[in-house]
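Undergrad: My questions all concern the structure below.
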Amino acid sequence: MAQILLTADRTLMSNYRGKEFLGFGTSAPPNIIPGWLYRLLIFPAVKNRHGVPVEAPYGLRKLEAKLLQQGLDVLTVDPDHLKDFIGDADVLGVHTMDPFGLGPSSTTFSRILNTGEPYLASCFRAIFENPEVGKAKQRGLKVFVGGPGAWQFRVRDRFQHEYGIDFVIEGEADAIIGDFVRKALRGESLPKFYEVDYDDVPRIEDIADIKNPSINGLVEIGRGCPRGCRFCSVTLRPLRWYPFEKIEKELSVNSKARLKGGILHAEDVLLYGSETTIPNREKVLKLHRLAKKYVPNFSWSHSSMAAIATDAPLIEEISNLMLDENQRWWGAQIGIETGSPRLLRRAMPAKAHPFKPEEWPDVVKTAAGVMTDNGLFPACTLITGLPEEEDSDVIATIELIDDLEDFQSLIVPLFFVPLGRLKDEDWFKFEDVRDLQRELMIKCLQHDLRWARRLMDRYFEDKKFGWFYKDAFNLFVWLLERRAKRECVLV
């Protein structure tokens, strides 16, 4: 048995039936459909071999690889099988994305649908309510928590004490996590909460290559973002792009595990290899040729409207590389955030680069046309309740959404959550929603319900029993629409 165990809650230790973007469904609250059916459809348990998951969240795989590189005895395990391994462990590390449901999608969905705590929060808590974890704590087990959701412990520190979490680390821990783990193994004192500062941010050579497969074949191609949006924490970190050799090693790990799909991960995949906001065509095309060599069907984690609008011929070339008998479309998460040039200039002045903020609505519409023409189906976000948002800004966004009626996409309005350079601002709450903001959310929901039904035909065409999943998700969409009407969200 391993001395160090790594795990994540049930909502993260899933491959979402091979459809990564279904993972956003874990931020929804229960009671839309029965919990057992929701879990089956959205986040079924990932396959495991005697409690060891075949795939695991990428962040866990990075940490696992770093600790293995340093000669430590570490194993990643399924949360439902902790009892089989924890008896001999001295350290338990838990990866989290949204531990208390305070993230933008969770706060939005749970309040709008008025059905309580989202799945990802209840599943995170379930790890620490596991009696086997409690017994291990009594004999001296040290518990670490980290991941993109670690910031939430700054506003919910009581939970850390109640559940006996010894150490929470926020930020990119690659360069320093080994030191903290060794301190825990030696019984030395640890800080309750540690935020990785700029001096500790890892260089490329500090970041280990994954040794075991990641959920849905996700492979990081770089970290950081040059756009500087004030509401985003990622922009506080330096921009670093992985060399092709490093990316290929991780593609190979997932390919050898015979994963059927893959995801290229960066805050803007189209900016790979660029130090500006203009795509480096040669490097981007080489990256996609490399990925297609190992992964017959893959998508992007994120891109940007501005990068897509900057070089439409590049998107066409990428489409010609990606789309074939194995793949008819690909997806990405893309932030629209607002239709207001005024608000864009104040909160995210570089988001439109190399265009001007005044051109933002046209940039979005141009990019929408390019994506529709080339088989890119995005999940887009808006931010509702940004500081300094005025009615005129909301009207501009409503007008933009009207213009995007034929844009094959999902457009999701999310409540503002104070992060990045705006972390000291007030949260936007459901009680703060004004009539214009409600109108915007209704328009987005109408857009999403219409396009979600069309998406189902494509989304599950490569799945065995795809007809069953398509019908089941169409039923879920109908129930969601019904709930929205009952809660007076949709009329």
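A note on labels: chains of the structure tokens are A, B, ... as shown, every chain counts residues from 1, and ligands are counted from 1 in their shown order.
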Name all residues at most 8 Å from segment 330-345 of chain A (count only C-alpha atoms; drop same-chain ones fewer than 5 positions away) and give them as a PDB file with C-alpha atoms, in the first residue's frame.
TA:
```pdb
ATOM      1  CA  PHE A 298     -10.141  15.868 -29.870  1.00  0.00           C
ATOM      2  CA  SER A 299     -11.327  19.310 -28.775  1.00  0.00           C
ATOM      3  CA  TRP A 300      -9.988  22.473 -27.143  1.00  0.00           C
ATOM      4  CA  SER A 301     -10.495  23.411 -23.526  1.00  0.00           C
ATOM      5  CA  HIS A 302     -10.641  27.171 -24.240  1.00  0.00           C
ATOM      6  CA  SER A 303     -10.123  29.731 -26.946  1.00  0.00           C
ATOM      7  CA  SER A 304     -11.101  33.366 -27.511  1.00  0.00           C
ATOM      8  CA  MET A 305     -13.390  35.245 -29.851  1.00  0.00           C
ATOM      9  CA  ALA A 350      -7.106  43.286 -23.707  1.00  0.00           C
ATOM     10  CA  LYS A 351      -9.906  40.798 -24.390  1.00  0.00           C
ATOM     11  CA  PRO A 357     -12.873  47.446 -27.417  1.00  0.00           C
ATOM     12  CA  GLU A 358     -15.291  49.462 -29.567  1.00  0.00           C
ATOM     13  CA  GLU A 359     -15.197  46.654 -32.144  1.00  0.00           C
ATOM     14  CA  TRP A 360     -16.092  43.906 -29.655  1.00  0.00           C
ATOM     15  CA  PRO A 361     -19.671  43.126 -30.798  1.00  0.00           C
ATOM     16  CA  VAL A 364     -17.910  38.261 -31.539  1.00  0.00           C
ATOM     17  CA  GLY A 375     -17.609  22.861 -37.232  1.00  0.00           C
ATOM     18  CA  LEU A 376     -16.550  24.443 -33.935  1.00  0.00           C
ATOM     19  CA  PHE A 377     -19.436  24.272 -31.417  1.00  0.00           C
ATOM     20  CA  PRO A 378     -18.560  26.352 -28.320  1.00  0.00           C
ATOM     21  CA  ALA A 379     -19.940  26.707 -24.826  1.00  0.00           C
ATOM     22  CA  CYS A 380     -19.826  30.470 -24.267  1.00  0.00           C
ATOM     23  CA  THR A 381     -20.073  32.396 -21.013  1.00  0.00           C
ATOM     24  CA  LEU A 382     -21.412  35.798 -20.035  1.00  0.00           C
ATOM     25  CA  ILE A 383     -20.799  37.495 -16.690  1.00  0.00           C
ATOM     26  CA  GLU A 388     -19.711  48.985 -12.619  1.00  0.00           C
ATOM     27  CA  GLU A 389     -22.178  47.186 -14.912  1.00  0.00           C
ATOM     28  CA  SER A 392     -26.795  50.288 -20.908  1.00  0.00           C
ATOM     29  CA  ASP A 393     -24.207  47.488 -20.725  1.00  0.00           C
ATOM     30  CA  VAL A 394     -26.899  44.852 -20.234  1.00  0.00           C
ATOM     31  CA  ALA A 396     -25.803  46.028 -25.365  1.00  0.00           C
ATOM     32  CA  THR A 397     -25.379  42.380 -24.353  1.00  0.00           C
ATOM     33  CA  ILE A 398     -29.047  41.603 -25.028  1.00  0.00           C
ATOM     34  CA  GLU A 399     -28.693  43.131 -28.488  1.00  0.00           C
ATOM     35  CA  LEU A 400     -25.623  41.005 -29.142  1.00  0.00           C
TER      36      LEU A 400
END
```
Undergrad: Just the residues within 12 Å of Lys83 of chain A, please, counting only C-alpha atoms, with nothing from its chain fewer than 3 positions along; format it as an mmCIF file with N, CA and C atoms, in the first residue's frame.
TA:
```
data_model
loop_
_atom_site.group_PDB
_atom_site.id
_atom_site.type_symbol
_atom_site.label_atom_id
_atom_site.label_comp_id
_atom_site.auth_asym_id
_atom_site.auth_seq_id
_atom_site.Cartn_x
_atom_site.Cartn_y
_atom_site.Cartn_z
ATOM 1 N N MET A 1 0.829 -1.204 0.000
ATOM 2 C CA MET A 1 0.000 0.000 0.000
ATOM 3 C C MET A 1 0.865 1.256 0.000
ATOM 4 N N LEU A 5 -1.690 8.935 -0.641
ATOM 5 C CA LEU A 5 -2.841 8.693 -1.507
ATOM 6 C C LEU A 5 -3.331 10.014 -2.087
ATOM 7 N N HIS A 50 -9.325 -2.502 -9.447
ATOM 8 C CA HIS A 50 -9.138 -2.753 -8.014
ATOM 9 C C HIS A 50 -8.997 -1.449 -7.224
ATOM 10 N N GLY A 51 -9.812 -0.455 -7.590
ATOM 11 C CA GLY A 51 -9.821 0.804 -6.868
ATOM 12 C C GLY A 51 -8.881 1.860 -7.398
ATOM 13 N N VAL A 77 -6.209 7.021 -6.184
ATOM 14 C CA VAL A 77 -7.253 6.019 -5.955
ATOM 15 C C VAL A 77 -8.639 6.625 -6.165
ATOM 16 N N ASP A 78 -9.602 5.759 -6.425
ATOM 17 C CA ASP A 78 -10.992 6.180 -6.580
ATOM 18 C C ASP A 78 -11.571 6.525 -5.211
ATOM 19 N N PRO A 79 -12.369 7.594 -5.108
ATOM 20 C CA PRO A 79 -12.890 7.980 -3.780
ATOM 21 C C PRO A 79 -13.785 6.919 -3.154
ATOM 22 N N ASP A 80 -14.440 6.106 -3.979
ATOM 23 C CA ASP A 80 -15.302 5.054 -3.439
ATOM 24 C C ASP A 80 -14.516 3.866 -2.908
ATOM 25 N N ILE A 86 -6.507 3.291 2.655
ATOM 26 C CA ILE A 86 -6.159 4.355 3.597
ATOM 27 C C ILE A 86 -5.566 3.838 4.901
ATOM 28 N N GLY A 87 -5.710 2.555 5.153
ATOM 29 C CA GLY A 87 -5.218 1.998 6.414
ATOM 30 C C GLY A 87 -3.735 2.200 6.646
ATOM 31 N N ASP A 88 -2.941 2.196 5.572
ATOM 32 C CA ASP A 88 -1.488 2.332 5.706
ATOM 33 C C ASP A 88 -0.960 3.689 5.252
ATOM 34 N N ALA A 89 -1.852 4.583 4.855
ATOM 35 C CA ALA A 89 -1.407 5.859 4.306
ATOM 36 C C ALA A 89 -1.088 6.864 5.416
ATOM 37 N N ILE A 127 -16.319 12.969 1.027
ATOM 38 C CA ILE A 127 -14.992 12.385 1.268
ATOM 39 C C ILE A 127 -14.629 12.481 2.744
ATOM 40 N N ASN A 130 -16.520 10.242 5.252
ATOM 41 C CA ASN A 130 -16.203 8.815 5.162
ATOM 42 C C ASN A 130 -15.620 8.353 6.498
ATOM 43 N N PRO A 131 -16.241 7.365 7.156
ATOM 44 C CA PRO A 131 -15.739 6.935 8.473
ATOM 45 C C PRO A 131 -14.312 6.415 8.434
ATOM 46 N N GLU A 132 -13.903 5.838 7.305
ATOM 47 C CA GLU A 132 -12.531 5.341 7.204
ATOM 48 C C GLU A 132 -11.519 6.486 7.225
ATOM 49 N N VAL A 133 -11.890 7.604 6.626
ATOM 50 C CA VAL A 133 -11.016 8.784 6.681
ATOM 51 C C VAL A 133 -10.948 9.296 8.112
ATOM 52 N N GLY A 134 -12.082 9.296 8.804
ATOM 53 C CA GLY A 134 -12.098 9.726 10.205
ATOM 54 C C GLY A 134 -11.198 8.860 11.080
ATOM 55 N N LYS A 135 -11.248 7.556 10.891
ATOM 56 C CA LYS A 135 -10.392 6.652 11.668
ATOM 57 C C LYS A 135 -8.915 6.922 11.373
ATOM 58 N N ALA A 136 -8.607 7.138 10.091
ATOM 59 C CA ALA A 136 -7.215 7.396 9.728
ATOM 60 C C ALA A 136 -6.724 8.710 10.319
#
```
Undergrad: Show me, as a compact mmCIF listing (two decimals) with N, CA and C atoms, in the first residue's frame, the residues that have an atom within 8 Å of Phe231 of chain A when counting only C-alpha atoms, minus same-chain residues fewer than 3 positions from it.
TA:
```
# COMPACT_ATOMS: atom_id res chain seq x y z
N ALA A 347 -13.17 46.32 -17.57
CA ALA A 347 -12.90 45.08 -16.84
C ALA A 347 -11.97 44.12 -17.57
N MET A 348 -11.87 44.26 -18.89
CA MET A 348 -11.08 43.30 -19.66
C MET A 348 -10.53 43.97 -20.92
N VAL A 417 -18.33 36.38 -9.65
CA VAL A 417 -17.68 35.89 -8.43
C VAL A 417 -16.36 36.64 -8.29
N PRO A 418 -16.07 37.23 -7.14
CA PRO A 418 -14.87 38.06 -7.00
C PRO A 418 -13.58 37.25 -6.98
N LEU A 419 -12.88 37.27 -8.09
CA LEU A 419 -11.60 36.58 -8.24
C LEU A 419 -10.62 37.51 -8.95
N GLY A 420 -9.38 37.08 -9.05
CA GLY A 420 -8.37 37.86 -9.74
C GLY A 420 -8.15 39.20 -9.08
N ARG A 421 -8.06 40.26 -9.89
CA ARG A 421 -7.85 41.60 -9.36
C ARG A 421 -9.12 42.19 -8.75
N LEU A 422 -10.23 41.49 -8.91
CA LEU A 422 -11.50 41.96 -8.35
C LEU A 422 -11.91 41.13 -7.14
N LYS A 423 -10.97 40.47 -6.50
CA LYS A 423 -11.32 39.55 -5.41
C LYS A 423 -11.86 40.27 -4.17
```
Undergrad: Of the candidates A:Trp241, A:Phe167, A:Phe153, A:Trp329, which one gets nearest to Lys192 of chain A if we count only C-alpha atoms?
TA: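 Among A:Trp241, A:Phe167, A:Phe153, A:Trp329, it is A:Phe167 that comes nearest to Lys192 of chain A.
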Undergrad: Which residues are near Gly101 of chain A? Cut-off 12 Å, only C-alpha atoms, ignore same chain within fewer than 2 positions. Put them as a PyMOL selection string.
TA: chain A and resi 24+26-29+96-99+103-111+116-125+149-153+155-156+417
Undergrad: Write the residues of the preceding selection, restricted to N, CA and C atoms, as an mmCIF file, in the first residue's frame.
TA:
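Output saved as out-v6.cif:
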```
data_model
loop_
_atom_site.group_PDB
_atom_site.id
_atom_site.type_symbol
_atom_site.label_atom_id
_atom_site.label_comp_id
_atom_site.auth_asym_id
_atom_site.auth_seq_id
_atom_site.Cartn_x
_atom_site.Cartn_y
_atom_site.Cartn_z
ATOM 1 N N PHE A 24 -19.805 20.231 -16.600
ATOM 2 C CA PHE A 24 -20.424 21.431 -16.033
ATOM 3 C C PHE A 24 -21.741 21.092 -15.347
ATOM 4 N N THR A 26 -22.234 18.965 -13.159
ATOM 5 C CA THR A 26 -22.040 18.659 -11.737
ATOM 6 C C THR A 26 -22.228 19.893 -10.860
ATOM 7 N N SER A 27 -22.240 21.084 -11.471
ATOM 8 C CA SER A 27 -22.465 22.300 -10.689
ATOM 9 C C SER A 27 -23.955 22.611 -10.554
ATOM 10 N N ALA A 28 -24.793 21.748 -11.127
ATOM 11 C CA ALA A 28 -26.236 21.923 -10.971
ATOM 12 C C ALA A 28 -26.689 21.294 -9.659
ATOM 13 N N PRO A 29 -27.793 21.758 -9.119
ATOM 14 C CA PRO A 29 -28.342 21.167 -7.898
ATOM 15 C C PRO A 29 -29.195 19.945 -8.214
ATOM 16 N N THR A 96 -9.700 19.480 -5.754
ATOM 17 C CA THR A 96 -11.045 20.045 -5.768
ATOM 18 C C THR A 96 -11.179 21.138 -6.820
ATOM 19 N N MET A 97 -12.371 21.213 -7.398
ATOM 20 C CA MET A 97 -12.674 22.226 -8.397
ATOM 21 C C MET A 97 -13.587 23.311 -7.839
ATOM 22 N N ASP A 98 -14.563 22.915 -7.044
ATOM 23 C CA ASP A 98 -15.544 23.870 -6.519
ATOM 24 C C ASP A 98 -16.111 23.281 -5.222
ATOM 25 N N PRO A 99 -15.330 23.261 -4.135
ATOM 26 C CA PRO A 99 -15.682 22.477 -2.950
ATOM 27 C C PRO A 99 -16.962 22.901 -2.248
ATOM 28 N N GLY A 103 -18.377 28.635 -7.061
ATOM 29 C CA GLY A 103 -17.938 29.031 -8.382
ATOM 30 C C GLY A 103 -19.063 29.666 -9.190
ATOM 31 N N PRO A 104 -18.729 30.330 -10.301
ATOM 32 C CA PRO A 104 -19.744 31.046 -11.076
ATOM 33 C C PRO A 104 -20.911 30.179 -11.535
ATOM 34 N N SER A 105 -20.628 28.998 -12.092
ATOM 35 C CA SER A 105 -21.735 28.176 -12.591
ATOM 36 C C SER A 105 -22.574 27.629 -11.446
ATOM 37 N N SER A 106 -21.952 27.252 -10.331
ATOM 38 C CA SER A 106 -22.701 26.699 -9.197
ATOM 39 C C SER A 106 -23.606 27.746 -8.554
ATOM 40 N N THR A 107 -23.062 28.931 -8.307
ATOM 41 C CA THR A 107 -23.874 29.962 -7.662
ATOM 42 C C THR A 107 -25.032 30.384 -8.559
ATOM 43 N N THR A 108 -24.816 30.354 -9.855
ATOM 44 C CA THR A 108 -25.876 30.748 -10.783
ATOM 45 C C THR A 108 -26.968 29.686 -10.857
ATOM 46 N N PHE A 109 -26.576 28.428 -11.129
ATOM 47 C CA PHE A 109 -27.575 27.375 -11.323
ATOM 48 C C PHE A 109 -28.363 27.091 -10.051
ATOM 49 N N SER A 110 -27.676 27.032 -8.906
ATOM 50 C CA SER A 110 -28.368 26.654 -7.682
ATOM 51 C C SER A 110 -29.387 27.699 -7.261
ATOM 52 N N ARG A 111 -29.098 28.984 -7.495
ATOM 53 C CA ARG A 111 -30.040 30.023 -7.109
ATOM 54 C C ARG A 111 -31.178 30.175 -8.108
ATOM 55 N N GLY A 116 -31.056 24.100 -4.030
ATOM 56 C CA GLY A 116 -30.084 23.776 -2.992
ATOM 57 C C GLY A 116 -28.670 23.507 -3.468
ATOM 58 N N GLU A 117 -27.945 22.759 -2.665
ATOM 59 C CA GLU A 117 -26.516 22.525 -2.834
ATOM 60 C C GLU A 117 -26.211 21.725 -4.102
ATOM 61 N N PRO A 118 -25.243 22.180 -4.906
ATOM 62 C CA PRO A 118 -24.908 21.435 -6.118
ATOM 63 C C PRO A 118 -24.202 20.118 -5.808
ATOM 64 N N TYR A 119 -24.221 19.221 -6.790
ATOM 65 C CA TYR A 119 -23.633 17.895 -6.605
ATOM 66 C C TYR A 119 -22.162 17.971 -6.214
ATOM 67 N N LEU A 120 -21.409 18.849 -6.847
ATOM 68 C CA LEU A 120 -19.964 18.856 -6.598
ATOM 69 C C LEU A 120 -19.636 19.228 -5.160
ATOM 70 N N ALA A 121 -20.474 20.048 -4.515
ATOM 71 C CA ALA A 121 -20.228 20.406 -3.115
ATOM 72 C C ALA A 121 -20.568 19.241 -2.188
ATOM 73 N N SER A 122 -21.693 18.590 -2.415
ATOM 74 C CA SER A 122 -22.074 17.468 -1.545
ATOM 75 C C SER A 122 -21.121 16.293 -1.718
ATOM 76 N N CYS A 123 -20.629 16.068 -2.928
ATOM 77 C CA CYS A 123 -19.691 14.960 -3.149
ATOM 78 C C CYS A 123 -18.322 15.257 -2.537
ATOM 79 N N PHE A 124 -17.909 16.518 -2.557
ATOM 80 C CA PHE A 124 -16.654 16.882 -1.897
ATOM 81 C C PHE A 124 -16.755 16.631 -0.396
ATOM 82 N N ARG A 125 -17.836 17.068 0.213
ATOM 83 C CA ARG A 125 -18.022 16.875 1.650
ATOM 84 C C ARG A 125 -18.060 15.395 2.015
ATOM 85 N N GLY A 149 -10.236 25.031 -6.948
ATOM 86 C CA GLY A 149 -11.217 25.529 -5.984
ATOM 87 C C GLY A 149 -10.661 25.839 -4.613
ATOM 88 N N ALA A 150 -9.353 25.744 -4.442
ATOM 89 C CA ALA A 150 -8.763 25.944 -3.113
ATOM 90 C C ALA A 150 -9.019 27.349 -2.568
ATOM 91 N N TRP A 151 -9.203 28.329 -3.438
ATOM 92 C CA TRP A 151 -9.453 29.712 -2.993
ATOM 93 C C TRP A 151 -10.684 29.809 -2.094
ATOM 94 N N GLN A 152 -11.617 28.876 -2.239
ATOM 95 C CA GLN A 152 -12.863 28.960 -1.478
ATOM 96 C C GLN A 152 -12.650 28.765 0.019
ATOM 97 N N PHE A 153 -11.523 28.169 0.406
ATOM 98 C CA PHE A 153 -11.235 28.010 1.831
ATOM 99 C C PHE A 153 -10.881 29.343 2.480
ATOM 100 N N VAL A 155 -12.760 31.893 2.178
ATOM 101 C CA VAL A 155 -14.049 32.446 2.611
ATOM 102 C C VAL A 155 -14.885 31.427 3.390
ATOM 103 N N ARG A 156 -14.422 30.182 3.464
ATOM 104 C CA ARG A 156 -15.119 29.156 4.242
ATOM 105 C C ARG A 156 -14.115 28.377 5.097
ATOM 106 N N VAL A 417 -18.333 36.377 -9.650
ATOM 107 C CA VAL A 417 -17.684 35.891 -8.434
ATOM 108 C C VAL A 417 -16.362 36.640 -8.294
#
```
Undergrad: I need the residues in segment 33-247 of chain A that are alpha helix (DSSP H) according to DSSP; give them as a PyMOL selection string.
TA: chain A and resi 35-42+58-69+104-113+119-128+131-138+157-162+177-185+244-247
Undergrad: List the neighbours of Ala65 of chain A out to 8 Å using only C-alpha atoms; skip same-chain residues closer than 5 positions along the sequence, and give me the result as an MDAnalysis selection string.
TA: chainID A and resid 208:211
Undergrad: Using only C-alpha atoms, determine which residues lie at most 6 Å from segment 246-260 of chain A, disregarding the query and same-chain residues fewer than 2 positions distant; provide the list as an MDAnalysis selection string.
TA: chainID A and resid 213 217 243:244 294
Undergrad: Write the residues of the selection above to a file with N, CA and C atoms, as a CSV table (one decimal), in the first residue's frame.
TA:
```csv
chain,number,residue,atom,x,y,z
A,213,PRO,N,-2.9,8.0,-17.4
A,213,PRO,CA,-3.9,8.7,-18.3
A,213,PRO,C,-4.7,9.7,-17.5
A,217,GLY,N,-8.4,12.2,-21.8
A,217,GLY,CA,-7.1,12.5,-22.5
A,217,GLY,C,-6.7,13.9,-22.6
A,243,PRO,N,7.0,23.0,-24.8
A,243,PRO,CA,7.6,22.6,-26.1
A,243,PRO,C,6.8,21.4,-26.6
A,244,PHE,N,7.0,21.2,-27.9
A,244,PHE,CA,6.3,20.1,-28.6
A,244,PHE,C,6.6,18.7,-28.0
A,294,TYR,N,-1.9,11.3,-32.5
A,294,TYR,CA,-2.1,10.4,-31.4
A,294,TYR,C,-3.6,10.3,-31.0
```
Undergrad: For Asn374 of chain A, which residue out of A:Ile315, A:Cys225, A:Ala8, A:Asp432 is the nearest one, using only C-alpha atoms?
TA: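 Closest to Asn374 of chain A of all the choices is A:Ile315.
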